[in-house]
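Asker: You'll find start-v4.cif just under this line, and it carries mmCIF, C-alpha atoms.
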```cif
data_query
loop_
_atom_site.label_atom_id
_atom_site.label_comp_id
_atom_site.auth_asym_id
_atom_site.auth_seq_id
_atom_site.Cartn_x
_atom_site.Cartn_y
_atom_site.Cartn_z
CA MET A 24 106.96 110.32 96.60
CA LYS A 25 103.65 108.72 95.79
CA ARG A 26 100.62 109.78 97.79
CA MET A 27 98.88 107.18 99.96
CA ASN A 28 95.42 107.84 101.40
CA ILE A 29 94.47 106.04 104.58
CA LEU A 30 90.72 106.13 105.19
CA LEU A 31 89.90 106.54 108.88
CA PHE A 32 86.53 106.28 110.63
CA THR A 33 85.35 106.07 114.23
CA ASP A 34 86.66 102.91 115.94
CA PHE A 35 89.20 101.90 113.31
CA GLU A 36 91.64 99.25 114.58
CA SER A 37 94.94 100.88 115.61
CA LEU A 38 97.43 98.33 114.24
CA ASP A 39 95.47 97.89 110.98
CA VAL A 40 96.54 101.44 110.21
CA PHE A 41 99.90 101.95 111.90
CA GLY A 42 101.43 98.56 111.06
CA PRO A 43 101.29 99.31 107.31
CA VAL A 44 102.14 102.97 108.00
CA GLU A 45 105.40 101.87 109.63
CA ALA A 46 106.30 99.64 106.67
CA PHE A 47 105.39 102.28 104.05
CA GLY A 48 107.08 104.98 106.14
CA MET A 49 110.31 102.98 106.48
CA SER A 50 110.44 102.49 102.71
CA GLY A 51 110.61 106.26 102.18
CA GLN A 52 108.45 105.88 99.07
CA TYR A 53 105.14 107.35 100.27
CA ASP A 54 103.63 110.62 101.35
CA ILE A 55 101.01 109.35 103.81
CA HIS A 56 97.70 111.20 104.28
CA TYR A 57 95.01 110.34 106.83
CA VAL A 58 91.59 111.11 105.41
CA SER A 59 87.97 110.62 106.45
CA MET A 60 84.62 111.23 104.79
CA ASP A 61 84.15 114.66 106.35
CA GLY A 62 87.66 115.44 107.62
CA GLY A 63 88.38 116.50 111.21
CA MET A 64 89.17 114.53 114.35
CA ILE A 65 88.71 110.75 114.28
CA THR A 66 88.77 108.69 117.48
CA ASN A 67 88.92 105.03 118.41
CA ARG A 68 88.56 102.72 121.41
CA HIS A 69 92.29 102.85 122.12
CA GLY A 70 91.99 106.53 123.02
CA ILE A 71 93.47 107.84 119.78
CA ARG A 72 92.38 111.29 118.54
CA ILE A 73 93.91 111.83 115.09
CA GLU A 74 93.38 114.70 112.67
CA THR A 75 92.23 113.85 109.14
CA GLU A 76 91.78 115.65 105.82
CA LYS A 77 88.51 115.44 103.91
CA ALA A 78 88.74 112.50 101.50
CA GLU A 79 88.65 113.35 97.79
CA PRO A 80 88.83 111.02 94.78
CA VAL A 81 92.16 111.63 93.05
CA PRO A 82 92.99 109.48 90.01
CA GLY A 83 95.87 107.07 90.34
CA GLU A 84 96.13 107.23 94.10
CA LEU A 85 96.81 104.42 96.51
CA TRP A 86 94.17 103.75 99.19
CA LEU A 87 94.34 101.78 102.42
CA ILE A 88 91.14 100.81 104.23
CA PRO A 89 91.60 99.44 107.77
CA GLY A 90 89.18 97.30 109.75
CA GLY A 91 88.01 97.44 113.34
CA PRO A 92 84.73 97.52 115.27
CA GLY A 93 83.75 100.68 113.38
CA THR A 94 83.25 98.69 110.17
CA ARG A 95 80.10 96.98 111.56
CA PRO A 96 77.80 100.05 111.50
CA LEU A 97 79.40 101.41 108.31
CA ALA A 98 78.74 98.20 106.34
CA LYS A 99 75.03 98.79 107.04
CA ASP A 100 75.16 102.46 106.04
CA PRO A 101 74.29 102.77 102.31
CA ALA A 102 75.27 106.47 102.21
CA PHE A 103 78.76 105.67 103.51
CA ILE A 104 79.20 102.77 101.07
CA GLU A 105 78.08 104.95 98.16
CA ARG A 106 80.59 107.67 99.11
CA LEU A 107 83.33 105.05 99.53
CA ASP A 108 82.58 103.67 96.08
CA ALA A 109 82.77 107.18 94.58
CA LEU A 110 86.13 107.85 96.28
CA LEU A 111 87.67 104.73 94.78
CA VAL A 112 86.41 105.21 91.23
CA ASP A 113 89.83 106.12 89.78
CA ALA A 114 92.03 104.56 92.48
CA GLY A 115 95.39 103.27 91.30
CA ALA A 116 95.36 100.48 93.86
CA ILE A 117 93.36 99.54 96.96
CA LEU A 118 94.67 97.74 100.04
CA THR A 119 92.39 96.57 102.85
CA VAL A 120 93.33 95.19 106.27
CA CYS A 121 91.17 92.88 108.38
CA THR A 122 87.46 93.78 108.27
CA GLY A 123 88.27 96.69 105.96
CA SER A 124 87.65 93.99 103.33
CA ALA A 125 83.97 93.97 104.36
CA LEU A 126 83.61 97.68 103.51
CA LEU A 127 85.24 97.20 100.13
CA ALA A 128 83.05 94.14 99.48
CA CYS A 129 79.95 96.24 100.17
CA THR A 130 80.86 98.50 97.24
CA GLY A 131 80.85 95.48 94.90
CA ARG A 132 84.51 96.04 94.03
CA LEU A 133 85.44 92.57 95.28
CA ASP A 134 82.80 90.84 93.11
CA GLY A 135 84.44 88.08 91.08
CA ARG A 136 87.78 88.60 92.83
CA LYS A 137 89.77 86.57 95.35
CA ALA A 138 90.05 88.23 98.77
CA THR A 139 90.60 87.54 102.46
CA SER A 140 89.93 89.10 105.88
CA ASN A 141 90.14 88.54 109.65
CA LYS A 142 89.39 84.90 110.54
CA ASN A 143 87.49 85.75 113.75
CA SER A 144 84.95 87.75 111.72
CA PHE A 145 85.12 85.71 108.53
CA GLU A 146 81.46 84.65 108.29
CA TRP A 147 80.27 88.20 108.73
CA VAL A 148 82.75 89.52 106.15
CA LYS A 149 81.65 86.84 103.68
CA SER A 150 78.05 87.97 104.10
CA CYS A 151 79.13 91.44 102.89
CA GLY A 152 80.37 90.09 99.55
CA ARG A 153 78.46 87.05 98.32
CA ASN A 154 80.06 87.21 94.86
CA THR A 155 83.64 87.26 96.17
CA ASP A 156 85.93 84.21 96.07
CA TRP A 157 86.87 84.38 99.78
CA GLN A 158 90.15 82.69 100.72
CA ARG A 159 89.88 81.16 104.21
CA GLU A 160 93.57 80.26 104.33
CA ALA A 161 95.60 83.31 103.39
CA ARG A 162 97.78 85.86 105.18
CA TRP A 163 97.01 88.23 102.33
CA VAL A 164 95.60 88.01 98.79
CA LYS A 165 96.60 89.96 95.71
CA ASP A 166 94.08 90.18 92.87
CA GLY A 167 95.17 92.69 90.26
CA SER A 168 95.48 96.10 91.90
CA ILE A 169 93.50 95.04 95.00
CA TYR A 170 95.29 93.58 98.03
CA THR A 171 93.34 92.29 101.05
CA SER A 172 94.85 91.01 104.28
CA ALA A 173 93.91 88.78 107.19
CA GLY A 174 93.48 90.20 110.71
CA VAL A 175 95.27 93.17 112.28
CA SER A 176 99.01 92.30 112.24
CA ALA A 177 98.66 90.64 108.80
CA GLY A 178 98.46 94.17 107.40
CA ILE A 179 102.19 94.54 108.13
CA ASP A 180 103.01 91.46 106.03
CA MET A 181 100.70 92.63 103.23
CA ALA A 182 102.34 96.08 103.21
CA LEU A 183 105.80 94.46 103.00
CA GLY A 184 104.46 92.19 100.23
CA TRP A 185 103.21 95.28 98.40
CA LEU A 186 106.65 96.91 98.74
CA GLU A 187 108.25 93.72 97.39
CA ASP A 188 105.88 93.56 94.40
CA THR A 189 106.31 97.28 93.67
CA PHE A 190 109.95 98.07 94.46
CA GLY A 191 111.60 94.65 94.72
CA PRO A 192 112.57 92.30 97.54
CA GLU A 193 115.47 94.42 98.82
CA THR A 194 113.28 97.43 99.57
CA ALA A 195 110.80 95.22 101.44
CA GLN A 196 113.43 93.36 103.44
CA GLU A 197 115.27 96.55 104.32
CA ALA A 198 112.03 98.04 105.70
CA ALA A 199 111.36 94.85 107.71
CA ASP A 200 114.91 94.79 109.08
CA ARG A 201 114.71 98.42 110.17
CA MET A 202 111.45 97.52 111.96
CA GLU A 203 113.23 94.48 113.50
CA TYR A 204 110.23 92.56 112.22
CA HIS A 205 110.08 88.82 111.49
CA ARG A 206 108.10 88.75 108.25
CA ASN A 207 105.51 86.19 107.25
CA THR A 208 106.54 86.10 103.60
CA ASP A 209 104.16 83.38 102.38
CA ALA A 210 100.84 85.01 101.47
CA ASP A 211 99.13 81.61 101.27
CA HIS A 212 100.17 80.39 104.72
CA ASP A 213 97.79 81.21 107.55
CA ASP A 214 97.79 79.89 111.13
CA PHE A 215 94.61 81.64 112.24
CA MET B 12 90.83 99.75 134.13
CA LYS B 13 94.35 100.91 134.92
CA ARG B 14 95.57 104.11 133.32
CA MET B 15 98.47 103.94 130.87
CA ASN B 16 100.31 107.09 129.80
CA ILE B 17 102.05 107.07 126.46
CA LEU B 18 104.54 109.91 126.14
CA LEU B 19 104.56 111.38 122.63
CA PHE B 20 106.98 113.90 121.11
CA THR B 21 107.70 115.20 117.61
CA ASP B 22 108.92 112.40 115.32
CA PHE B 23 108.05 109.47 117.55
CA GLU B 24 108.15 106.14 115.67
CA SER B 25 104.61 105.06 114.72
CA LEU B 26 104.78 101.33 115.46
CA ASP B 27 106.71 101.88 118.73
CA VAL B 28 103.47 103.41 120.00
CA PHE B 29 100.66 101.64 118.19
CA GLY B 30 102.05 98.10 118.34
CA PRO B 31 101.91 98.08 122.17
CA VAL B 32 98.63 100.09 122.04
CA GLU B 33 97.03 97.29 120.02
CA ALA B 34 98.20 94.62 122.50
CA PHE B 35 97.13 96.63 125.57
CA GLY B 36 93.88 97.61 123.86
CA MET B 37 93.04 94.01 122.95
CA SER B 38 93.56 92.95 126.57
CA GLY B 39 90.79 95.31 127.70
CA GLN B 40 92.80 96.08 130.86
CA TYR B 41 93.97 99.63 130.15
CA ASP B 42 92.61 103.12 129.75
CA ILE B 43 95.17 104.53 127.30
CA HIS B 44 96.13 108.22 127.39
CA TYR B 45 98.42 109.99 124.93
CA VAL B 46 100.39 112.72 126.69
CA SER B 47 103.19 115.14 125.83
CA MET B 48 105.21 117.67 127.82
CA ASP B 49 102.98 120.59 126.89
CA GLY B 50 99.89 118.84 125.52
CA GLY B 51 98.37 119.64 122.12
CA MET B 52 99.00 118.27 118.66
CA ILE B 53 102.01 116.01 118.12
CA THR B 54 103.22 115.10 114.62
CA ASN B 55 105.66 112.65 113.08
CA ARG B 56 107.34 111.86 109.75
CA HIS B 57 104.59 109.39 108.84
CA GLY B 58 102.11 112.26 108.56
CA ILE B 59 100.38 111.55 111.88
CA ARG B 60 98.77 114.48 113.76
CA ILE B 61 97.56 113.18 117.12
CA GLU B 62 96.06 115.09 120.03
CA THR B 63 97.72 114.76 123.43
CA GLU B 64 96.98 115.74 127.02
CA LYS B 65 99.55 117.61 129.10
CA ALA B 66 101.65 115.04 130.97
CA GLU B 67 101.39 115.07 134.76
CA PRO B 68 103.14 112.85 137.31
CA VAL B 69 100.50 110.61 138.88
CA PRO B 70 101.67 108.05 141.47
CA GLY B 71 101.36 104.41 140.52
CA GLU B 72 100.78 104.95 136.83
CA LEU B 73 102.16 102.95 133.95
CA TRP B 74 104.28 104.83 131.39
CA LEU B 75 105.33 103.90 127.88
CA ILE B 76 108.13 105.83 126.15
CA PRO B 77 108.53 105.15 122.41
CA GLY B 78 111.61 105.74 120.27
CA GLY B 79 112.04 107.28 116.85
CA PRO B 80 114.16 110.00 115.20
CA GLY B 81 112.70 112.52 117.67
CA THR B 82 114.71 111.00 120.52
CA ARG B 83 118.00 112.31 119.09
CA PRO B 84 117.46 116.03 119.81
CA LEU B 85 115.59 115.29 123.08
CA ALA B 86 118.47 113.24 124.52
CA LYS B 87 120.62 116.41 124.18
CA ASP B 88 117.97 118.65 125.80
CA PRO B 89 118.63 118.86 129.57
CA ALA B 90 115.31 120.65 130.21
CA PHE B 91 113.35 117.82 128.55
CA ILE B 92 115.28 115.14 130.43
CA GLU B 93 114.72 116.94 133.74
CA ARG B 94 110.97 117.16 133.08
CA LEU B 95 110.88 113.50 132.04
CA ASP B 96 112.63 112.51 135.26
CA ALA B 97 110.11 114.52 137.30
CA LEU B 98 107.16 112.87 135.50
CA LEU B 99 108.42 109.40 136.35
CA VAL B 100 109.21 110.02 140.01
CA ASP B 101 106.27 107.97 141.34
CA ALA B 102 105.66 105.78 138.27
CA GLY B 103 104.30 102.32 138.98
CA ALA B 104 106.15 100.86 135.99
CA ILE B 105 107.99 102.17 132.94
CA LEU B 106 108.15 100.52 129.50
CA THR B 107 110.37 101.82 126.71
CA VAL B 108 110.45 100.78 123.06
CA CYS B 109 113.44 101.09 120.75
CA THR B 110 115.41 104.34 121.27
CA GLY B 111 112.92 105.35 123.97
CA SER B 112 115.47 103.51 126.14
CA ALA B 113 117.98 106.30 125.39
CA LEU B 114 115.65 108.94 126.86
CA LEU B 115 115.10 106.88 130.00
CA ALA B 116 118.86 106.24 130.29
CA CYS B 117 119.47 110.01 130.17
CA THR B 118 117.43 110.41 133.39
CA GLY B 119 119.77 107.97 135.17
CA ARG B 120 116.86 105.60 135.85
CA LEU B 121 118.61 102.79 133.99
CA ASP B 122 121.84 103.12 136.02
CA GLY B 123 122.79 99.72 137.42
CA ARG B 124 119.97 98.01 135.54
CA LYS B 125 119.86 95.62 132.60
CA ALA B 126 118.22 97.12 129.49
CA THR B 127 118.08 96.88 125.70
CA SER B 128 117.18 98.99 122.65
CA ASN B 129 117.17 99.09 118.85
CA LYS B 130 120.22 97.32 117.41
CA ASN B 131 120.71 99.77 114.53
CA SER B 132 121.21 102.60 117.04
CA PHE B 133 122.77 100.55 119.82
CA GLU B 134 126.10 102.39 120.14
CA TRP B 135 124.37 105.75 120.39
CA VAL B 136 121.88 104.44 122.98
CA LYS B 137 124.75 102.97 125.04
CA SER B 138 126.42 106.39 125.05
CA CYS B 139 123.27 107.77 126.75
CA GLY B 140 123.59 105.39 129.71
CA ARG B 141 127.19 104.51 130.55
CA ASN B 142 126.21 102.90 133.87
CA THR B 143 123.59 100.60 132.34
CA ASP B 144 124.16 96.89 131.76
CA TRP B 145 123.11 96.95 128.07
CA GLN B 146 121.97 93.62 126.63
CA ARG B 147 123.00 93.34 122.97
CA GLU B 148 121.06 90.11 122.43
CA ALA B 149 117.54 90.60 123.72
CA ARG B 150 114.07 91.08 122.24
CA TRP B 151 113.12 92.77 125.50
CA VAL B 152 114.52 93.03 129.03
CA LYS B 153 112.65 93.12 132.33
CA ASP B 154 114.46 94.59 135.34
CA GLY B 155 112.09 95.08 138.25
CA SER B 156 109.33 97.46 137.17
CA ILE B 157 111.24 98.67 134.09
CA TYR B 158 110.83 96.91 130.73
CA THR B 159 112.90 97.93 127.70
CA SER B 160 112.51 96.52 124.20
CA ALA B 161 114.56 96.16 121.03
CA GLY B 162 113.58 98.01 117.86
CA VAL B 163 110.11 99.04 116.68
CA SER B 164 108.13 95.77 116.30
CA ALA B 165 109.80 94.31 119.42
CA GLY B 166 107.51 96.61 121.41
CA ILE B 167 104.61 94.33 120.49
CA ASP B 168 106.38 91.30 121.99
CA MET B 169 107.35 93.27 125.09
CA ALA B 170 103.75 94.43 125.57
CA LEU B 171 102.50 90.85 125.27
CA GLY B 172 105.25 89.78 127.70
CA TRP B 173 104.06 92.47 130.10
CA LEU B 174 100.47 91.19 129.79
CA GLU B 175 101.71 87.66 130.47
CA ASP B 176 103.69 88.73 133.56
CA THR B 177 100.81 90.83 134.88
CA PHE B 178 97.64 88.91 133.96
CA GLY B 179 98.92 85.45 133.01
CA PRO B 180 99.71 83.62 129.77
CA GLU B 181 96.08 83.22 128.67
CA THR B 182 95.41 86.96 128.60
CA ALA B 183 98.59 87.54 126.57
CA GLN B 184 97.93 84.72 124.10
CA GLU B 185 94.31 85.75 123.62
CA ALA B 186 95.41 89.29 122.76
CA ALA B 187 98.02 87.94 120.30
CA ASP B 188 95.48 85.59 118.69
CA ARG B 189 92.96 88.38 118.24
CA MET B 190 95.74 90.39 116.56
CA GLU B 191 96.55 87.32 114.41
CA TYR B 192 100.12 87.94 115.57
CA HIS B 193 102.94 85.37 115.67
CA ARG B 194 104.60 86.20 118.98
CA ASN B 195 108.29 86.13 119.72
CA THR B 196 107.90 84.72 123.23
CA ASP B 197 111.60 84.37 124.13
CA ALA B 198 112.81 87.70 125.53
CA ASP B 199 116.44 86.55 125.28
CA HIS B 200 116.35 85.58 121.61
CA ASP B 201 117.21 88.29 119.12
CA ASP B 202 117.89 88.01 115.39
CA PHE B 203 118.80 91.65 114.80
#
```
Would it be possible to restate this file's structure as structure tokens?
Answerer:
Amino acid sequence: MKRMNILLFTDFESLDVFGPVEAFGMSGQYDIHYVSMDGGMITNRHGIRIETEKAEPVPGELWLIPGGPGTRPLAKDPAFIERLDALLVDAGAILTVCTGSALLACTGRLDGRKATSNKNSFEWVKSCGRNTDWQREARWVKDGSIYTSAGVSAGIDMALGWLEDTFGPETAQEAADRMEYHRNTDADHDDF
Amino acid sequence: MKRMNILLFTDFESLDVFGPVEAFGMSGQYDIHYVSMDGGMITNRHGIRIETEKAEPVPGELWLIPGGPGTRPLAKDPAFIERLDALLVDAGAILTVCTGSALLACTGRLDGRKATSNKNSFEWVKSCGRNTDWQREARWVKDGSIYTSAGVSAGIDMALGWLEDTFGPETAQEAADRMEYHRNTDADHDDF
């Protein structure tokens, strides 16, 4: 199984994390690790207290960066952004959900790339990456080894899209069926 | 804010919990508590380690019982079922997701009621509640103060349905929109 690192921080959005986790978990292809900058207990506004490992940069690994209200202070924290950039230096692939795209944009890693994010916070996210080709109408966007999704539940569709691109359509559809989930399969269609 | 207790156990299904958590959290109406029979750290097959409080029966409270592979051994554990029944004695309302319905059925609290569950595990769930009027075709079922949902992602639709029944359609739709979630609004329609 391939290792997947999910980067948690105070006030991450619950479904940004556990929607993709369910899809990746159902596929049986990933060993999922919850990490944070310093390790230890991470909490959010939905009352979650979850244990994390200390994040380390490991070449070739898959990273998922969620959004949530906690991204607002972090996007203004140069020390956090510098550490995030260092973590991702040899990443195999990076997936962001919702305003997690803002954090990735702050590292400069979305410069010159197409990307998307939550539509309720779109102007703010755009301001975090002025050299990014932001896609207003997209459920998720794939640009090379970087996938970015629209808001919250869109992370589920992006994760299933990732499974389809990586393991084929049957693996993705089987995961969706076991979740009894009605997929949004068109990355370019967006109602929000 | 009203208190909501979410009962966790080893190998709960991630999205059964955090799909509804996102909907209830977005509504701003609930103080969400994660509880387990003995309190402490609860883990599942998706690598989650989450801290819980010790569950106590508090009159009038709202309970959510998720499903997942962990329900199989618990349904055969009379001591667990007895403790679950005691916890729910003065519950204001009970919501179950997926095979969480099997655990509730084992307490006898679904006897004579309509209910549903995951369709992949439907025969097993039915065997846990022989006096229940199981609904094969349903996204979720409301019977008095007990709501039961179909598999995994159906918990999100049930939670939004609960918000609609309790606070009105605007509260439910606003939560869904903020989640950028395409609702399944018809409880009686089921594709799985």
Asker: With all Cα atoms paired residue by residue, do a least-squares superposition of chain A on chain B and hand back the transformed coordinates as a tab-separated table (two decimals) with C-alpha atoms, in the frame of the given file.
Answerer:
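Ended up saving to part17.tsv:
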```
chain	number	residue	atom	x	y	z
A	24	MET	CA	90.85	99.75	134.13
A	25	LYS	CA	94.35	100.88	134.89
A	26	ARG	CA	95.57	104.10	133.32
A	27	MET	CA	98.48	103.93	130.87
A	28	ASN	CA	100.32	107.09	129.81
A	29	ILE	CA	102.04	107.07	126.45
A	30	LEU	CA	104.55	109.91	126.13
A	31	LEU	CA	104.57	111.39	122.63
A	32	PHE	CA	106.98	113.91	121.10
A	33	THR	CA	107.70	115.21	117.61
A	34	ASP	CA	108.91	112.41	115.31
A	35	PHE	CA	108.05	109.47	117.55
A	36	GLU	CA	108.14	106.14	115.68
A	37	SER	CA	104.61	105.07	114.71
A	38	LEU	CA	104.78	101.33	115.45
A	39	ASP	CA	106.70	101.88	118.72
A	40	VAL	CA	103.48	103.41	120.00
A	41	PHE	CA	100.65	101.64	118.18
A	42	GLY	CA	102.06	98.10	118.33
A	43	PRO	CA	101.89	98.09	122.16
A	44	VAL	CA	98.64	100.09	122.03
A	45	GLU	CA	97.03	97.29	120.01
A	46	ALA	CA	98.20	94.63	122.49
A	47	PHE	CA	97.14	96.64	125.57
A	48	GLY	CA	93.89	97.62	123.85
A	49	MET	CA	93.04	94.02	122.95
A	50	SER	CA	93.56	92.96	126.56
A	51	GLY	CA	90.80	95.32	127.71
A	52	GLN	CA	92.79	96.08	130.85
A	53	TYR	CA	93.97	99.64	130.15
A	54	ASP	CA	92.62	103.12	129.75
A	55	ILE	CA	95.18	104.54	127.30
A	56	HIS	CA	96.13	108.23	127.38
A	57	TYR	CA	98.44	109.99	124.92
A	58	VAL	CA	100.38	112.72	126.69
A	59	SER	CA	103.18	115.14	125.84
A	60	MET	CA	105.20	117.66	127.81
A	61	ASP	CA	102.97	120.60	126.89
A	62	GLY	CA	99.88	118.84	125.52
A	63	GLY	CA	98.36	119.65	122.12
A	64	MET	CA	98.99	118.27	118.64
A	65	ILE	CA	102.01	116.01	118.11
A	66	THR	CA	103.21	115.10	114.61
A	67	ASN	CA	105.65	112.66	113.08
A	68	ARG	CA	107.33	111.84	109.76
A	69	HIS	CA	104.59	109.39	108.82
A	70	GLY	CA	102.11	112.26	108.58
A	71	ILE	CA	100.37	111.56	111.88
A	72	ARG	CA	98.76	114.48	113.75
A	73	ILE	CA	97.56	113.18	117.13
A	74	GLU	CA	96.05	115.10	120.03
A	75	THR	CA	97.71	114.75	123.44
A	76	GLU	CA	96.98	115.74	127.03
A	77	LYS	CA	99.55	117.61	129.11
A	78	ALA	CA	101.66	115.04	130.97
A	79	GLU	CA	101.38	115.06	134.77
A	80	PRO	CA	103.13	112.84	137.32
A	81	VAL	CA	100.49	110.60	138.89
A	82	PRO	CA	101.66	108.03	141.46
A	83	GLY	CA	101.35	104.39	140.53
A	84	GLU	CA	100.78	104.95	136.84
A	85	LEU	CA	102.14	102.95	133.95
A	86	TRP	CA	104.27	104.82	131.39
A	87	LEU	CA	105.32	103.90	127.87
A	88	ILE	CA	108.12	105.83	126.15
A	89	PRO	CA	108.52	105.16	122.41
A	90	GLY	CA	111.60	105.76	120.28
A	91	GLY	CA	112.06	107.29	116.85
A	92	PRO	CA	114.15	110.00	115.20
A	93	GLY	CA	112.72	112.54	117.66
A	94	THR	CA	114.71	111.00	120.52
A	95	ARG	CA	118.03	112.31	119.09
A	96	PRO	CA	117.45	116.03	119.82
A	97	LEU	CA	115.59	115.29	123.07
A	98	ALA	CA	118.48	113.24	124.52
A	99	LYS	CA	120.60	116.40	124.19
A	100	ASP	CA	117.96	118.64	125.78
A	101	PRO	CA	118.62	118.85	129.56
A	102	ALA	CA	115.30	120.66	130.21
A	103	PHE	CA	113.34	117.84	128.55
A	104	ILE	CA	115.28	115.14	130.44
A	105	GLU	CA	114.71	116.94	133.74
A	106	ARG	CA	110.96	117.16	133.09
A	107	LEU	CA	110.88	113.49	132.04
A	108	ASP	CA	112.63	112.51	135.25
A	109	ALA	CA	110.11	114.52	137.30
A	110	LEU	CA	107.16	112.86	135.51
A	111	LEU	CA	108.42	109.39	136.35
A	112	VAL	CA	109.21	110.02	140.01
A	113	ASP	CA	106.28	107.96	141.35
A	114	ALA	CA	105.66	105.78	138.27
A	115	GLY	CA	104.32	102.31	138.98
A	116	ALA	CA	106.15	100.86	136.00
A	117	ILE	CA	107.99	102.16	132.93
A	118	LEU	CA	108.14	100.52	129.51
A	119	THR	CA	110.37	101.82	126.71
A	120	VAL	CA	110.45	100.78	123.05
A	121	CYS	CA	113.45	101.10	120.74
A	122	THR	CA	115.41	104.34	121.26
A	123	GLY	CA	112.94	105.36	123.97
A	124	SER	CA	115.48	103.52	126.14
A	125	ALA	CA	117.99	106.30	125.39
A	126	LEU	CA	115.66	108.94	126.87
A	127	LEU	CA	115.10	106.89	130.00
A	128	ALA	CA	118.86	106.26	130.28
A	129	CYS	CA	119.47	110.01	130.17
A	130	THR	CA	117.44	110.41	133.37
A	131	GLY	CA	119.76	107.97	135.16
A	132	ARG	CA	116.87	105.60	135.85
A	133	LEU	CA	118.61	102.78	133.98
A	134	ASP	CA	121.84	103.12	136.01
A	135	GLY	CA	122.81	99.73	137.43
A	136	ARG	CA	119.98	98.00	135.56
A	137	LYS	CA	119.86	95.62	132.60
A	138	ALA	CA	118.24	97.12	129.49
A	139	THR	CA	118.08	96.88	125.71
A	140	SER	CA	117.19	98.99	122.65
A	141	ASN	CA	117.18	99.09	118.84
A	142	LYS	CA	120.23	97.29	117.41
A	143	ASN	CA	120.72	99.77	114.53
A	144	SER	CA	121.21	102.60	117.04
A	145	PHE	CA	122.78	100.55	119.82
A	146	GLU	CA	126.10	102.40	120.14
A	147	TRP	CA	124.37	105.74	120.39
A	148	VAL	CA	121.88	104.44	122.97
A	149	LYS	CA	124.74	102.98	125.03
A	150	SER	CA	126.41	106.39	125.06
A	151	CYS	CA	123.27	107.78	126.75
A	152	GLY	CA	123.61	105.42	129.72
A	153	ARG	CA	127.20	104.50	130.56
A	154	ASN	CA	126.21	102.89	133.87
A	155	THR	CA	123.58	100.59	132.34
A	156	ASP	CA	124.17	96.87	131.76
A	157	TRP	CA	123.13	96.94	128.08
A	158	GLN	CA	121.98	93.60	126.64
A	159	ARG	CA	123.01	93.34	122.97
A	160	GLU	CA	121.06	90.12	122.44
A	161	ALA	CA	117.54	90.59	123.73
A	162	ARG	CA	114.07	91.07	122.24
A	163	TRP	CA	113.13	92.76	125.50
A	164	VAL	CA	114.52	93.02	129.04
A	165	LYS	CA	112.65	93.12	132.33
A	166	ASP	CA	114.45	94.59	135.33
A	167	GLY	CA	112.09	95.08	138.24
A	168	SER	CA	109.33	97.46	137.18
A	169	ILE	CA	111.24	98.67	134.10
A	170	TYR	CA	110.82	96.91	130.75
A	171	THR	CA	112.88	97.92	127.70
A	172	SER	CA	112.51	96.52	124.20
A	173	ALA	CA	114.55	96.15	121.03
A	174	GLY	CA	113.59	98.02	117.84
A	175	VAL	CA	110.11	99.03	116.67
A	176	SER	CA	108.12	95.76	116.29
A	177	ALA	CA	109.80	94.30	119.42
A	178	GLY	CA	107.52	96.62	121.41
A	179	ILE	CA	104.60	94.33	120.49
A	180	ASP	CA	106.37	91.30	121.98
A	181	MET	CA	107.35	93.27	125.09
A	182	ALA	CA	103.75	94.45	125.57
A	183	LEU	CA	102.50	90.85	125.26
A	184	GLY	CA	105.25	89.79	127.70
A	185	TRP	CA	104.05	92.48	130.11
A	186	LEU	CA	100.47	91.19	129.80
A	187	GLU	CA	101.72	87.66	130.48
A	188	ASP	CA	103.70	88.74	133.56
A	189	THR	CA	100.80	90.84	134.87
A	190	PHE	CA	97.64	88.92	133.97
A	191	GLY	CA	98.91	85.45	133.02
A	192	PRO	CA	99.71	83.63	129.79
A	193	GLU	CA	96.08	83.23	128.68
A	194	THR	CA	95.41	86.96	128.60
A	195	ALA	CA	98.58	87.54	126.57
A	196	GLN	CA	97.93	84.73	124.10
A	197	GLU	CA	94.31	85.74	123.64
A	198	ALA	CA	95.41	89.29	122.77
A	199	ALA	CA	98.01	87.94	120.30
A	200	ASP	CA	95.48	85.59	118.69
A	201	ARG	CA	92.95	88.39	118.24
A	202	MET	CA	95.74	90.40	116.56
A	203	GLU	CA	96.56	87.32	114.41
A	204	TYR	CA	100.11	87.94	115.56
A	205	HIS	CA	102.93	85.37	115.67
A	206	ARG	CA	104.59	86.20	118.98
A	207	ASN	CA	108.30	86.13	119.72
A	208	THR	CA	107.90	84.72	123.22
A	209	ASP	CA	111.59	84.36	124.13
A	210	ALA	CA	112.81	87.69	125.53
A	211	ASP	CA	116.44	86.56	125.28
A	212	HIS	CA	116.34	85.56	121.61
A	213	ASP	CA	117.21	88.29	119.13
A	214	ASP	CA	117.90	87.99	115.39
A	215	PHE	CA	118.79	91.64	114.82
```
Asker: Please provide the set of residues having any atom within 8 Å of Glu197 in chain A, restricted to all atoms listed in the file, with same-chain residues fewer than 4 positions apart removed, written as a PyMOL selection string.
Answerer: chain A and resi 50+193+201
Asker: Residue by residue, what does the PyMOL selection byres ((chain B) within 9 of (chain A)) grab here? Present the result as a PyMOL selection string.
Answerer: chain B and resi 24-26+28-30+32-33+35-37+41-45+52+56-63+129-131+161-165+188-193+195+202-203
Asker: Residue by residue, what does the PyMOL selection byres ((chain A and resi 95) around 10) grab here? Present the result as a list in words.
Answerer: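 When the PyMOL selection byres ((chain A and resi 95) around 10) is applied, the selected residues are Asp34, Gly90, Gly91, Pro92, Gly93, Thr94, Pro96, Leu97, Ala98, Lys99, Asp100, Thr122, Gly123, Ala125, Leu126, Trp147 and Val148 of chain A.
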Asker: Enclose the full set of atoms of range 67-86 of chain B listed in the file within a box whose edges lie along x, y and z, apply 5 Å of padding to each of the six sides, and report centre and edge lengths in Å to one decimal as JSON.
Answerer:
```
{"center_x": 109.5, "center_y": 109.5, "center_z": 128.3, "size_x": 28.0, "size_y": 23.1, "size_z": 36.3}
```
